[in-house]
$ cat target-v4.cif   # mmCIF, C-alpha atoms; chains and numbers go by the auth columns
data_protein
loop_
_atom_site.group_PDB
_atom_site.id
_atom_site.type_symbol
_atom_site.label_atom_id
_atom_site.label_comp_id
_atom_site.label_asym_id
_atom_site.label_seq_id
_atom_site.Cartn_x
_atom_site.Cartn_y
_atom_site.Cartn_z
_atom_site.B_iso_or_equiv
_atom_site.auth_seq_id
_atom_site.auth_asym_id
ATOM 1 C CA MET A 1 -15.977 -2.927 19.561 0.00 1 A
ATOM 2 C CA ALA A 2 -17.515 -2.772 16.126 0.00 2 A
ATOM 3 C CA VAL A 3 -14.780 -0.791 14.429 0.00 3 A
ATOM 4 C CA THR A 4 -10.994 -0.842 14.622 0.00 4 A
ATOM 5 C CA LEU A 5 -8.564 1.952 13.854 0.00 5 A
ATOM 6 C CA HIS A 6 -5.308 0.204 13.006 0.00 6 A
ATOM 7 C CA VAL A 7 -2.288 2.453 13.447 0.00 7 A
ATOM 8 C CA CYS A 8 1.036 1.471 11.916 0.00 8 A
ATOM 9 C CA ILE A 9 3.513 1.927 14.756 0.00 9 A
ATOM 10 C CA THR A 10 6.613 1.466 12.635 0.00 10 A
ATOM 11 C CA CYS A 11 5.827 4.427 10.373 0.00 11 A
ATOM 12 C CA ARG A 12 8.617 6.961 10.303 0.00 12 A
ATOM 13 C CA ALA A 13 6.690 9.280 8.004 0.00 13 A
ATOM 14 C CA ASN A 14 9.360 8.953 5.308 0.00 14 A
ATOM 15 C CA ARG A 15 12.253 10.416 7.226 0.00 15 A
ATOM 16 C CA ARG A 16 15.146 9.448 9.431 0.00 16 A
ATOM 17 C CA LEU A 17 14.473 9.674 13.106 0.00 17 A
ATOM 18 C CA ALA A 18 16.685 11.628 15.442 0.00 18 A
ATOM 19 C CA GLU A 19 18.430 9.543 18.067 0.00 19 A
ATOM 20 C CA GLY A 20 15.958 8.651 20.774 0.00 20 A
ATOM 21 C CA GLU A 21 13.024 10.080 18.832 0.00 21 A
ATOM 22 C CA ILE A 22 9.800 8.155 19.145 0.00 22 A
ATOM 23 C CA CYS A 23 8.585 6.933 15.799 0.00 23 A
ATOM 24 C CA PRO A 24 5.736 9.130 14.447 0.00 24 A
ATOM 25 C CA GLY A 25 3.511 6.069 14.088 0.00 25 A
ATOM 26 C CA SER A 26 3.906 5.269 17.776 0.00 26 A
ATOM 27 C CA ARG A 27 3.095 8.859 18.706 0.00 27 A
ATOM 28 C CA LEU A 28 -0.020 8.687 16.552 0.00 28 A
ATOM 29 C CA LEU A 29 -1.065 5.458 18.265 0.00 29 A
ATOM 30 C CA GLU A 30 -0.755 6.937 21.735 0.00 30 A
ATOM 31 C CA ALA A 31 -2.586 10.117 20.775 0.00 31 A
ATOM 32 C CA ALA A 32 -5.370 8.097 19.123 0.00 32 A
ATOM 33 C CA ARG A 33 -5.714 5.868 22.161 0.00 33 A
ATOM 34 C CA ARG A 34 -6.156 8.842 24.442 0.00 34 A
ATOM 35 C CA ALA A 35 -8.699 10.568 22.234 0.00 35 A
ATOM 36 C CA ALA A 36 -10.705 7.806 20.550 0.00 36 A
ATOM 37 C CA PRO A 37 -14.413 7.847 21.353 0.00 37 A
ATOM 38 C CA ASP A 38 -16.342 4.802 22.518 0.00 38 A
ATOM 39 C CA GLY A 39 -16.951 2.271 19.780 0.00 39 A
ATOM 40 C CA ILE A 40 -13.590 2.716 18.108 0.00 40 A
ATOM 41 C CA ALA A 41 -10.861 0.305 19.167 0.00 41 A
ATOM 42 C CA VAL A 42 -7.371 1.601 18.488 0.00 42 A
ATOM 43 C CA ALA A 43 -4.928 -1.181 17.662 0.00 43 A
ATOM 44 C CA PRO A 44 -1.243 -1.105 16.826 0.00 44 A
ATOM 45 C CA VAL A 45 -0.009 -2.912 13.744 0.00 45 A
ATOM 46 C CA THR A 46 3.557 -3.578 12.765 0.00 46 A
ATOM 47 C CA CYS A 47 3.726 -2.274 9.231 0.00 47 A
ATOM 48 C CA LEU A 48 0.855 -1.683 6.877 0.00 48 A
ATOM 49 C CA SER A 49 3.343 -1.861 3.957 0.00 49 A
ATOM 50 C CA ALA A 50 2.578 1.718 3.004 0.00 50 A
ATOM 51 C CA CYS A 51 5.947 3.014 4.166 0.00 51 A
ATOM 52 C CA SER A 52 6.302 5.607 1.427 0.00 52 A
ATOM 53 C CA ARG A 53 3.071 7.188 2.645 0.00 53 A
ATOM 54 C CA GLY A 54 3.362 7.154 6.434 0.00 54 A
ATOM 55 C CA CYS A 55 1.949 7.640 8.925 0.00 55 A
ATOM 56 C CA ALA A 56 -0.508 5.046 7.750 0.00 56 A
ATOM 57 C CA VAL A 57 -3.739 3.829 9.337 0.00 57 A
ATOM 58 C CA ALA A 58 -6.647 1.584 8.412 0.00 58 A
ATOM 59 C CA PHE A 59 -10.319 1.587 9.347 0.00 59 A
ATOM 60 C CA ALA A 60 -11.833 -1.904 9.528 0.00 60 A
ATOM 61 C CA GLY A 61 -14.911 -3.597 10.904 0.00 61 A
ATOM 62 C CA PRO A 62 -17.102 -6.656 10.316 0.00 62 A
ATOM 63 C CA GLY A 63 -19.212 -6.361 7.178 0.00 63 A
ATOM 64 C CA ARG A 64 -17.528 -3.104 6.230 0.00 64 A
ATOM 65 C CA TRP A 65 -15.188 -1.987 3.505 0.00 65 A
ATOM 66 C CA THR A 66 -11.682 -1.490 4.892 0.00 66 A
ATOM 67 C CA TYR A 67 -9.983 1.850 4.150 0.00 67 A
ATOM 68 C CA VAL A 68 -6.257 2.566 4.263 0.00 68 A
ATOM 69 C CA TYR A 69 -5.017 6.133 4.639 0.00 69 A
ATOM 70 C CA GLY A 70 -1.526 7.576 4.499 0.00 70 A
ATOM 71 C CA GLY A 71 0.333 10.776 5.175 0.00 71 A
ATOM 72 C CA ILE A 72 -1.351 11.255 8.541 0.00 72 A
ATOM 73 C CA ALA A 73 0.498 13.751 10.747 0.00 73 A
ATOM 74 C CA PRO A 74 0.295 12.872 14.455 0.00 74 A
ATOM 75 C CA GLU A 75 0.476 16.518 15.484 0.00 75 A
ATOM 76 C CA THR A 76 -2.202 18.009 13.276 0.00 76 A
ATOM 77 C CA ASP A 77 -4.442 15.296 11.827 0.00 77 A
ATOM 78 C CA LEU A 78 -5.768 13.449 14.856 0.00 78 A
ATOM 79 C CA GLY A 79 -9.044 15.364 15.072 0.00 79 A
ATOM 80 C CA ALA A 80 -9.974 14.817 11.435 0.00 80 A
ATOM 81 C CA LEU A 81 -8.832 11.199 11.616 0.00 81 A
ATOM 82 C CA LEU A 82 -11.070 10.413 14.573 0.00 82 A
ATOM 83 C CA GLU A 83 -13.934 12.368 13.042 0.00 83 A
ATOM 84 C CA GLY A 84 -13.573 10.164 9.988 0.00 84 A
ATOM 85 C CA ALA A 85 -13.402 7.036 12.127 0.00 85 A
ATOM 86 C CA ALA A 86 -16.621 8.006 13.887 0.00 86 A
ATOM 87 C CA LEU A 87 -18.386 8.514 10.544 0.00 87 A
ATOM 88 C CA TYR A 88 -17.041 5.154 9.404 0.00 88 A
ATOM 89 C CA ALA A 89 -18.380 3.518 12.562 0.00 89 A
ATOM 90 C CA ARG A 90 -21.835 4.911 11.863 0.00 90 A
ATOM 91 C CA ALA A 91 -21.912 3.649 8.264 0.00 91 A
ATOM 92 C CA ALA A 92 -23.096 0.044 8.225 0.00 92 A
ATOM 93 C CA ASP A 93 -20.997 -0.811 5.170 0.00 93 A
ATOM 94 C CA GLY A 94 -18.160 1.561 6.078 0.00 94 A
ATOM 95 C CA ILE A 95 -18.780 3.788 3.070 0.00 95 A
ATOM 96 C CA VAL A 96 -19.042 7.433 4.072 0.00 96 A
ATOM 97 C CA PRO A 97 -20.382 9.667 1.281 0.00 97 A
ATOM 98 C CA TRP A 98 -17.558 11.652 -0.313 0.00 98 A
ATOM 99 C CA ARG A 99 -18.947 15.033 0.643 0.00 99 A
ATOM 100 C CA GLU A 100 -19.205 14.060 4.288 0.00 100 A
ATOM 101 C CA ARG A 101 -15.627 12.873 4.594 0.00 101 A
ATOM 102 C CA PRO A 102 -13.144 15.129 6.339 0.00 102 A
ATOM 103 C CA GLU A 103 -10.913 16.753 3.730 0.00 103 A
ATOM 104 C CA LEU A 104 -7.947 14.895 5.239 0.00 104 A
ATOM 105 C CA LEU A 105 -9.430 11.556 4.287 0.00 105 A
ATOM 106 C CA ARG A 106 -10.365 12.630 0.766 0.00 106 A
ATOM 107 C CA ARG A 107 -6.766 13.324 -0.101 0.00 107 A
ATOM 108 C CA SER A 108 -5.044 10.600 1.883 0.00 108 A
ATOM 109 C CA VAL A 109 -6.823 7.425 0.825 0.00 109 A
ATOM 110 C CA ILE A 110 -4.395 4.740 -0.295 0.00 110 A
ATOM 111 C CA ALA A 111 -6.783 1.858 -0.931 0.00 111 A
ATOM 112 C CA ARG A 112 -10.005 0.225 0.127 0.00 112 A
ATOM 113 C CA ILE A 113 -10.930 -3.451 0.260 0.00 113 A
ATOM 114 C CA PRO A 114 -14.427 -4.926 0.047 0.00 114 A
ATOM 115 C CA PRO A 115 -15.926 -6.681 3.059 0.00 115 A
ATOM 116 C CA ARG A 116 -15.491 -10.375 3.344 0.00 116 A
ATOM 117 C CA GLU A 117 -18.485 -12.295 2.174 0.00 117 A
ATOM 118 C CA ALA A 118 -20.453 -13.832 5.008 0.00 118 A
ATOM 119 C CA MET B 1 -12.887 -20.958 -1.771 0.00 1 B
ATOM 120 C CA ALA B 2 -10.374 -20.033 0.860 0.00 2 B
ATOM 121 C CA VAL B 3 -8.758 -17.124 -0.918 0.00 3 B
ATOM 122 C CA THR B 4 -10.085 -14.326 -3.083 0.00 4 B
ATOM 123 C CA LEU B 5 -8.280 -12.322 -5.732 0.00 5 B
ATOM 124 C CA HIS B 6 -10.177 -9.049 -5.978 0.00 6 B
ATOM 125 C CA VAL B 7 -9.631 -7.293 -9.282 0.00 7 B
ATOM 126 C CA CYS B 8 -10.580 -3.650 -9.654 0.00 8 B
ATOM 127 C CA ILE B 9 -12.570 -3.552 -12.880 0.00 9 B
ATOM 128 C CA THR B 10 -12.727 0.229 -13.132 0.00 10 B
ATOM 129 C CA CYS B 11 -8.941 0.641 -13.299 0.00 11 B
ATOM 130 C CA ARG B 12 -7.840 2.511 -16.379 0.00 12 B
ATOM 131 C CA ALA B 13 -4.162 2.147 -15.473 0.00 13 B
ATOM 132 C CA ASN B 14 -3.776 5.922 -15.272 0.00 14 B
ATOM 133 C CA ARG B 15 -4.628 6.768 -18.834 0.00 15 B
ATOM 134 C CA ARG B 16 -7.510 7.767 -21.048 0.00 16 B
ATOM 135 C CA LEU B 17 -9.150 4.934 -22.843 0.00 17 B
ATOM 136 C CA ALA B 18 -9.635 4.934 -26.582 0.00 18 B
ATOM 137 C CA GLU B 19 -13.254 4.913 -27.690 0.00 19 B
ATOM 138 C CA GLY B 20 -14.651 1.445 -27.259 0.00 20 B
ATOM 139 C CA GLU B 21 -11.547 0.195 -25.458 0.00 21 B
ATOM 140 C CA ILE B 22 -12.192 -2.246 -22.658 0.00 22 B
ATOM 141 C CA CYS B 23 -10.891 -0.941 -19.383 0.00 23 B
ATOM 142 C CA PRO B 24 -7.560 -2.600 -18.421 0.00 24 B
ATOM 143 C CA GLY B 25 -9.017 -3.686 -15.081 0.00 25 B
ATOM 144 C CA SER B 26 -11.816 -5.563 -16.850 0.00 26 B
ATOM 145 C CA ARG B 27 -9.292 -7.230 -19.149 0.00 27 B
ATOM 146 C CA LEU B 28 -7.259 -8.295 -16.142 0.00 28 B
ATOM 147 C CA LEU B 29 -10.375 -9.741 -14.502 0.00 29 B
ATOM 148 C CA GLU B 30 -11.257 -11.851 -17.512 0.00 30 B
ATOM 149 C CA ALA B 31 -7.697 -13.082 -17.945 0.00 31 B
ATOM 150 C CA ALA B 32 -7.451 -13.949 -14.247 0.00 32 B
ATOM 151 C CA ARG B 33 -10.750 -15.798 -14.344 0.00 33 B
ATOM 152 C CA ARG B 34 -9.587 -17.927 -17.229 0.00 34 B
ATOM 153 C CA ALA B 35 -6.219 -18.771 -15.682 0.00 35 B
ATOM 154 C CA ALA B 36 -6.794 -18.897 -11.914 0.00 36 B
ATOM 155 C CA PRO B 37 -6.027 -22.262 -10.329 0.00 37 B
ATOM 156 C CA ASP B 38 -8.410 -24.093 -8.025 0.00 38 B
ATOM 157 C CA GLY B 39 -8.676 -22.529 -4.590 0.00 39 B
ATOM 158 C CA ILE B 40 -8.456 -18.956 -5.806 0.00 40 B
ATOM 159 C CA ALA B 41 -11.752 -17.181 -6.388 0.00 41 B
ATOM 160 C CA VAL B 42 -11.482 -14.237 -8.750 0.00 42 B
ATOM 161 C CA ALA B 43 -13.933 -11.468 -7.902 0.00 43 B
ATOM 162 C CA PRO B 44 -14.582 -8.103 -9.522 0.00 44 B
ATOM 163 C CA VAL B 45 -14.634 -5.004 -7.360 0.00 45 B
ATOM 164 C CA THR B 46 -15.738 -1.557 -8.393 0.00 46 B
ATOM 165 C CA CYS B 47 -12.842 0.610 -7.327 0.00 47 B
ATOM 166 C CA LEU B 48 -10.166 -0.239 -4.800 0.00 48 B
ATOM 167 C CA SER B 49 -9.482 3.513 -4.433 0.00 49 B
ATOM 168 C CA ALA B 50 -5.961 3.050 -5.711 0.00 50 B
ATOM 169 C CA CYS B 51 -6.652 4.755 -9.029 0.00 51 B
ATOM 170 C CA SER B 52 -3.247 6.393 -9.321 0.00 52 B
ATOM 171 C CA ARG B 53 -1.685 2.933 -9.199 0.00 53 B
ATOM 172 C CA GLY B 54 -3.899 0.813 -11.446 0.00 54 B
ATOM 173 C CA CYS B 55 -4.472 -1.894 -12.340 0.00 55 B
ATOM 174 C CA ALA B 56 -5.042 -2.710 -8.708 0.00 56 B
ATOM 175 C CA VAL B 57 -5.835 -6.032 -7.051 0.00 57 B
ATOM 176 C CA ALA B 58 -6.152 -7.410 -3.536 0.00 58 B
ATOM 177 C CA PHE B 59 -5.516 -10.832 -2.034 0.00 59 B
ATOM 178 C CA ALA B 60 -7.833 -11.656 0.871 0.00 60 B
ATOM 179 C CA GLY B 61 -8.935 -14.661 2.872 0.00 61 B
ATOM 180 C CA PRO B 62 -10.293 -15.592 6.294 0.00 62 B
ATOM 181 C CA GLY B 63 -7.668 -15.302 9.009 0.00 63 B
ATOM 182 C CA ARG B 64 -5.160 -13.833 6.596 0.00 64 B
ATOM 183 C CA TRP B 65 -3.515 -10.481 6.105 0.00 65 B
ATOM 184 C CA THR B 66 -5.002 -8.709 3.100 0.00 66 B
ATOM 185 C CA TYR B 67 -2.552 -7.373 0.514 0.00 67 B
ATOM 186 C CA VAL B 68 -3.221 -4.660 -2.059 0.00 68 B
ATOM 187 C CA TYR B 69 -1.071 -4.390 -5.173 0.00 69 B
ATOM 188 C CA GLY B 70 -0.967 -1.809 -7.926 0.00 70 B
ATOM 189 C CA GLY B 71 0.548 -1.218 -11.318 0.00 71 B
ATOM 190 C CA ILE B 72 -0.430 -4.679 -12.554 0.00 72 B
ATOM 191 C CA ALA B 73 -0.306 -4.948 -16.349 0.00 73 B
ATOM 192 C CA PRO B 74 -2.965 -7.295 -17.754 0.00 74 B
ATOM 193 C CA GLU B 75 -0.791 -8.255 -20.706 0.00 75 B
ATOM 194 C CA THR B 76 2.429 -9.156 -18.923 0.00 76 B
ATOM 195 C CA ASP B 77 1.845 -9.638 -15.197 0.00 77 B
ATOM 196 C CA LEU B 78 -0.834 -12.296 -14.986 0.00 78 B
ATOM 197 C CA GLY B 79 1.548 -15.212 -14.483 0.00 79 B
ATOM 198 C CA ALA B 80 3.432 -13.589 -11.616 0.00 80 B
ATOM 199 C CA LEU B 81 0.183 -12.352 -10.098 0.00 81 B
ATOM 200 C CA LEU B 82 -1.357 -15.819 -10.024 0.00 82 B
ATOM 201 C CA GLU B 83 1.896 -17.327 -8.798 0.00 83 B
ATOM 202 C CA GLY B 84 1.776 -14.866 -5.920 0.00 84 B
ATOM 203 C CA ALA B 85 -1.881 -15.654 -5.266 0.00 85 B
ATOM 204 C CA ALA B 86 -1.089 -19.357 -5.065 0.00 86 B
ATOM 205 C CA LEU B 87 1.706 -18.708 -2.551 0.00 87 B
ATOM 206 C CA TYR B 88 -0.686 -16.520 -0.581 0.00 88 B
ATOM 207 C CA ALA B 89 -3.279 -19.307 -0.577 0.00 89 B
ATOM 208 C CA ARG B 90 -0.729 -21.721 0.859 0.00 90 B
ATOM 209 C CA ALA B 91 0.305 -19.371 3.685 0.00 91 B
ATOM 210 C CA ALA B 92 -2.092 -19.794 6.614 0.00 92 B
ATOM 211 C CA ASP B 93 -1.718 -16.157 7.674 0.00 93 B
ATOM 212 C CA GLY B 94 -1.271 -14.849 4.130 0.00 94 B
ATOM 213 C CA ILE B 95 2.305 -13.754 4.753 0.00 95 B
ATOM 214 C CA VAL B 96 4.648 -15.067 2.077 0.00 96 B
ATOM 215 C CA PRO B 97 8.331 -14.637 2.967 0.00 97 B
ATOM 216 C CA TRP B 98 9.847 -11.729 1.063 0.00 98 B
ATOM 217 C CA ARG B 99 12.376 -13.836 -0.807 0.00 99 B
ATOM 218 C CA GLU B 100 9.693 -16.183 -2.076 0.00 100 B
ATOM 219 C CA ARG B 101 7.476 -13.458 -3.487 0.00 101 B
ATOM 220 C CA PRO B 102 7.491 -12.904 -7.239 0.00 102 B
ATOM 221 C CA GLU B 103 9.484 -9.781 -8.022 0.00 103 B
ATOM 222 C CA LEU B 104 6.288 -8.180 -9.350 0.00 104 B
ATOM 223 C CA LEU B 105 4.695 -8.296 -5.920 0.00 105 B
ATOM 224 C CA ARG B 106 7.754 -6.976 -4.122 0.00 106 B
ATOM 225 C CA ARG B 107 7.648 -3.746 -6.051 0.00 107 B
ATOM 226 C CA SER B 108 3.921 -3.300 -6.416 0.00 108 B
ATOM 227 C CA VAL B 109 2.599 -3.596 -2.865 0.00 109 B
ATOM 228 C CA ILE B 110 0.381 -0.670 -1.911 0.00 110 B
ATOM 229 C CA ALA B 111 -0.729 -1.748 1.555 0.00 111 B
ATOM 230 C CA ARG B 112 -1.569 -4.690 3.759 0.00 112 B
ATOM 231 C CA ILE B 113 -4.187 -4.999 6.483 0.00 113 B
ATOM 232 C CA PRO B 114 -4.106 -7.370 9.440 0.00 114 B
ATOM 233 C CA PRO B 115 -6.646 -10.169 9.701 0.00 115 B
ATOM 234 C CA ARG B 116 -9.791 -9.510 11.607 0.00 116 B
ATOM 235 C CA GLU B 117 -9.699 -10.872 15.094 0.00 117 B
ATOM 236 C CA ALA B 118 -11.836 -13.950 15.549 0.00 118 B
#

$ encode --input "target-v4.cif" --output "C-alpha cells"
Amino acid sequence: MAVTLHVCITCRANRRLAEGEICPGSRLLEAARRAAPDGIAVAPVTCLSACSRGCAVAFAGPGRWTYVYGGIAPETDLGALLEGAALYARAADGIVPWRERPELLRRSVIARIPPREA
Amino acid sequence: MAVTLHVCITCRANRRLAEGEICPGSRLLEAARRAAPDGIAVAPVTCLSACSRGCAVAFAGPGRWTYVYGGIAPETDLGALLEGAALYARAADGIVPWRERPELLRRSVIARIPPREA
C-alpha cells in the first residue's frame, strides 16, 4: 500500500461519551475500513495528540508530505475524507492543489510535515 | 543526522509584520541553527500548515514518532525547544515520557504522527 490513512481511535471528539458508547474515533476507523478504496491502507493509531480537535486523522506515504486533519465527523465526513485520501494517493509528493481539495480538508488541516529525505 | 528539527520559516506568529521585520519563523530558524547541539539537524520548511499556532516546528527522525509543536517564541523558548529536541533524539521511538518533557512542549503540542512502517 503506498498511502496510509491513520485514524486516531481514542478520539472522543471533545466530549464525554455515554456509558457503553463506542468512541467516535473507533467508529470512524471502522467506517473508513469498510469504504476505503484500493491503495489506501487504513490504520488505527492510539492518539495523534490532537485531542482538542478530534476526530483526528493523518495521511502519510513514502516520499510524501504528511497531513494531519481534525474535527472529522464519522457520520458525515467519511466521503470527503476518502475523496481527499484518494487525491493524496495520486499526488506523488502528497500535495493536492488547494482548489482540488474537498472543502472539508481545507478547513480541517491541523499541520503538515515534509517528507523524510531519502 | 538522526533527528531533524523542522522550523517553519513562514510563521508570522499570528500577527502582521512591521515593514522590513524578519518573520519570527526565520528568526527562530537562525537561532536554532546557531544553538543546536550535535545530532540535531535544523531544517527550514515553508509552511507546516499550522499558521494559527505559529511559530511552528516539528521533530522527526527515522523510526520515530513525529511531533509538531506550535506557539514557539523565538526570543524565549529556544532553550526549552532544544532541550526537548535532545530528549527526542535520545528516545529510540521519539516518545519522551510526559514528566520528562519541558513544560513548553507539554502545552504546545499540535499533533504527532506514528513512524512509517519499515

$ calpha_fit_and_write --input "target-v4.cif" --fixed "chain B" --moving "chain A" --output "short mmCIF file (atom, residue, chain, number, x, y, z; two decimals) with C-alpha atoms, keeping the file's coordinate frame"
data_model
loop_
_atom_site.label_atom_id
_atom_site.label_comp_id
_atom_site.auth_asym_id
_atom_site.auth_seq_id
_atom_site.Cartn_x
_atom_site.Cartn_y
_atom_site.Cartn_z
CA MET A 1 -12.87 -20.96 -1.77
CA ALA A 2 -10.37 -20.03 0.89
CA VAL A 3 -8.76 -17.12 -0.91
CA THR A 4 -10.10 -14.31 -3.08
CA LEU A 5 -8.28 -12.32 -5.73
CA HIS A 6 -10.18 -9.05 -5.97
CA VAL A 7 -9.64 -7.29 -9.28
CA CYS A 8 -10.59 -3.64 -9.66
CA ILE A 9 -12.59 -3.55 -12.88
CA THR A 10 -12.75 0.22 -13.13
CA CYS A 11 -8.96 0.63 -13.29
CA ARG A 12 -7.84 2.50 -16.36
CA ALA A 13 -4.18 2.13 -15.47
CA ASN A 14 -3.78 5.92 -15.24
CA ARG A 15 -4.62 6.77 -18.81
CA ARG A 16 -7.49 7.76 -21.03
CA LEU A 17 -9.14 4.92 -22.84
CA ALA A 18 -9.62 4.92 -26.58
CA GLU A 19 -13.23 4.91 -27.70
CA GLY A 20 -14.64 1.44 -27.28
CA GLU A 21 -11.54 0.19 -25.47
CA ILE A 22 -12.18 -2.24 -22.67
CA CYS A 23 -10.90 -0.94 -19.38
CA PRO A 24 -7.56 -2.59 -18.42
CA GLY A 25 -9.02 -3.68 -15.09
CA SER A 26 -11.80 -5.56 -16.86
CA ARG A 27 -9.29 -7.24 -19.16
CA LEU A 28 -7.26 -8.28 -16.14
CA LEU A 29 -10.37 -9.73 -14.50
CA GLU A 30 -11.24 -11.84 -17.52
CA ALA A 31 -7.68 -13.08 -17.95
CA ALA A 32 -7.45 -13.94 -14.24
CA ARG A 33 -10.75 -15.80 -14.35
CA ARG A 34 -9.57 -17.95 -17.22
CA ALA A 35 -6.22 -18.76 -15.67
CA ALA A 36 -6.79 -18.90 -11.91
CA PRO A 37 -6.04 -22.27 -10.33
CA ASP A 38 -8.43 -24.09 -8.02
CA GLY A 39 -8.68 -22.53 -4.59
CA ILE A 40 -8.46 -18.95 -5.79
CA ALA A 41 -11.77 -17.18 -6.39
CA VAL A 42 -11.49 -14.23 -8.74
CA ALA A 43 -13.94 -11.47 -7.90
CA PRO A 44 -14.58 -8.11 -9.52
CA VAL A 45 -14.66 -5.01 -7.37
CA THR A 46 -15.75 -1.56 -8.38
CA CYS A 47 -12.84 0.60 -7.32
CA LEU A 48 -10.18 -0.23 -4.80
CA SER A 49 -9.49 3.53 -4.44
CA ALA A 50 -5.96 3.06 -5.72
CA CYS A 51 -6.66 4.77 -9.03
CA SER A 52 -3.25 6.40 -9.32
CA ARG A 53 -1.69 2.94 -9.19
CA GLY A 54 -3.91 0.82 -11.44
CA CYS A 55 -4.46 -1.88 -12.34
CA ALA A 56 -5.05 -2.71 -8.72
CA VAL A 57 -5.85 -6.03 -7.06
CA ALA A 58 -6.15 -7.41 -3.54
CA PHE A 59 -5.52 -10.83 -2.04
CA ALA A 60 -7.84 -11.65 0.87
CA GLY A 61 -8.94 -14.66 2.86
CA PRO A 62 -10.28 -15.59 6.30
CA GLY A 63 -7.66 -15.31 9.02
CA ARG A 64 -5.15 -13.84 6.59
CA TRP A 65 -3.51 -10.49 6.12
CA THR A 66 -5.00 -8.71 3.10
CA TYR A 67 -2.54 -7.37 0.50
CA VAL A 68 -3.23 -4.66 -2.07
CA TYR A 69 -1.07 -4.40 -5.18
CA GLY A 70 -0.98 -1.81 -7.93
CA GLY A 71 0.54 -1.21 -11.32
CA ILE A 72 -0.43 -4.67 -12.56
CA ALA A 73 -0.30 -4.94 -16.35
CA PRO A 74 -2.97 -7.28 -17.75
CA GLU A 75 -0.78 -8.26 -20.69
CA THR A 76 2.43 -9.15 -18.92
CA ASP A 77 1.85 -9.63 -15.19
CA LEU A 78 -0.84 -12.29 -14.99
CA GLY A 79 1.55 -15.21 -14.49
CA ALA A 80 3.43 -13.59 -11.62
CA LEU A 81 0.18 -12.35 -10.10
CA LEU A 82 -1.36 -15.81 -10.01
CA GLU A 83 1.89 -17.33 -8.80
CA GLY A 84 1.77 -14.86 -5.93
CA ALA A 85 -1.88 -15.65 -5.27
CA ALA A 86 -1.09 -19.36 -5.07
CA LEU A 87 1.70 -18.71 -2.56
CA TYR A 88 -0.68 -16.52 -0.58
CA ALA A 89 -3.27 -19.31 -0.57
CA ARG A 90 -0.73 -21.72 0.86
CA ALA A 91 0.31 -19.38 3.68
CA ALA A 92 -2.07 -19.80 6.60
CA ASP A 93 -1.70 -16.17 7.67
CA GLY A 94 -1.27 -14.85 4.12
CA ILE A 95 2.31 -13.75 4.75
CA VAL A 96 4.65 -15.05 2.07
CA PRO A 97 8.34 -14.65 2.97
CA TRP A 98 9.87 -11.74 1.06
CA ARG A 99 12.38 -13.85 -0.81
CA GLU A 100 9.70 -16.18 -2.08
CA ARG A 101 7.49 -13.45 -3.49
CA PRO A 102 7.48 -12.92 -7.23
CA GLU A 103 9.48 -9.78 -8.03
CA LEU A 104 6.28 -8.19 -9.35
CA LEU A 105 4.70 -8.30 -5.92
CA ARG A 106 7.77 -6.98 -4.12
CA ARG A 107 7.65 -3.75 -6.06
CA SER A 108 3.91 -3.30 -6.42
CA VAL A 109 2.60 -3.60 -2.87
CA ILE A 110 0.39 -0.67 -1.92
CA ALA A 111 -0.73 -1.75 1.55
CA ARG A 112 -1.57 -4.68 3.75
CA ILE A 113 -4.19 -4.99 6.48
CA PRO A 114 -4.11 -7.37 9.45
CA PRO A 115 -6.66 -10.17 9.69
CA ARG A 116 -9.80 -9.52 11.60
CA GLU A 117 -9.70 -10.86 15.09
CA ALA A 118 -11.83 -13.94 15.56
#

$ atom_distance --input "target-v4.cif" --atom1 "CA of Glu75 (chain A)" --atom2 "CA of Glu30 (chain A)"
11.5 Å

$ closest_residue --input "target-v4.cif" --among "A:Pro62, A:Gly39, A:Pro102, A:Gly20" --to "chain B" --atoms "only C-alpha atoms"
A:Pro62

$ interface_residues --input "target-v4.cif" --of "chain A" --to "chain B" --cutoff "6 Å" --atoms "only C-alpha atoms" --output "list of chain:residue names"
A:Leu48, A:Ser49, A:Ala50, A:Ile110, A:Ala111, A:Arg112

$ atom_distance --input "target-v4.cif" --atom1 "CA of Trp98 (chain B)" --atom2 "CA of Ala13 (chain B)"
25.7 Å

$ residues_around --input "target-v4.cif" --residues "Ala73 (chain B)" --least-positions-apart "4" --cutoff "8 Å" --atoms "all atoms listed in the file" --output "list in words"
Pro24, Leu28, Cys55, Asp77 and Leu78 of chain B

$ residues_around --input "target-v4.cif" --residues "Gly79 (chain B)" --least-positions-apart "6" --cutoff "10 Å" --atoms "all atoms listed in the file" --output "VMD selection string"
chain B and resid 32 35 to 36 85 102 104

$ atom_distance --input "target-v4.cif" --atom1 "CA of Arg33 (chain B)" --atom2 "CA of Pro97 (chain B)"
25.8 Å

$ residues_around --input "target-v4.cif" --residues "Gly54 (chain A)" --least-positions-apart "5" --cutoff "8 Å" --atoms "only C-alpha atoms" --output "PyMOL selection string"
chain A and resi 11-14+25+70-72

$ write_last_selection --input "target-v4.cif" --atoms "C-alpha atoms" --output "PDB file, in the coordinates of the input"
ATOM      1  CA  CYS A  11       5.827   4.427  10.373  1.00  0.00           C
ATOM      2  CA  ARG A  12       8.617   6.961  10.303  1.00  0.00           C
ATOM      3  CA  ALA A  13       6.690   9.280   8.004  1.00  0.00           C
ATOM      4  CA  ASN A  14       9.360   8.953   5.308  1.00  0.00           C
ATOM      5  CA  GLY A  25       3.511   6.069  14.088  1.00  0.00           C
ATOM      6  CA  GLY A  70      -1.526   7.576   4.499  1.00  0.00           C
ATOM      7  CA  GLY A  71       0.333  10.776   5.175  1.00  0.00           C
ATOM      8  CA  ILE A  72      -1.351  11.255   8.541  1.00  0.00           C
TER       9      ILE A  72
END
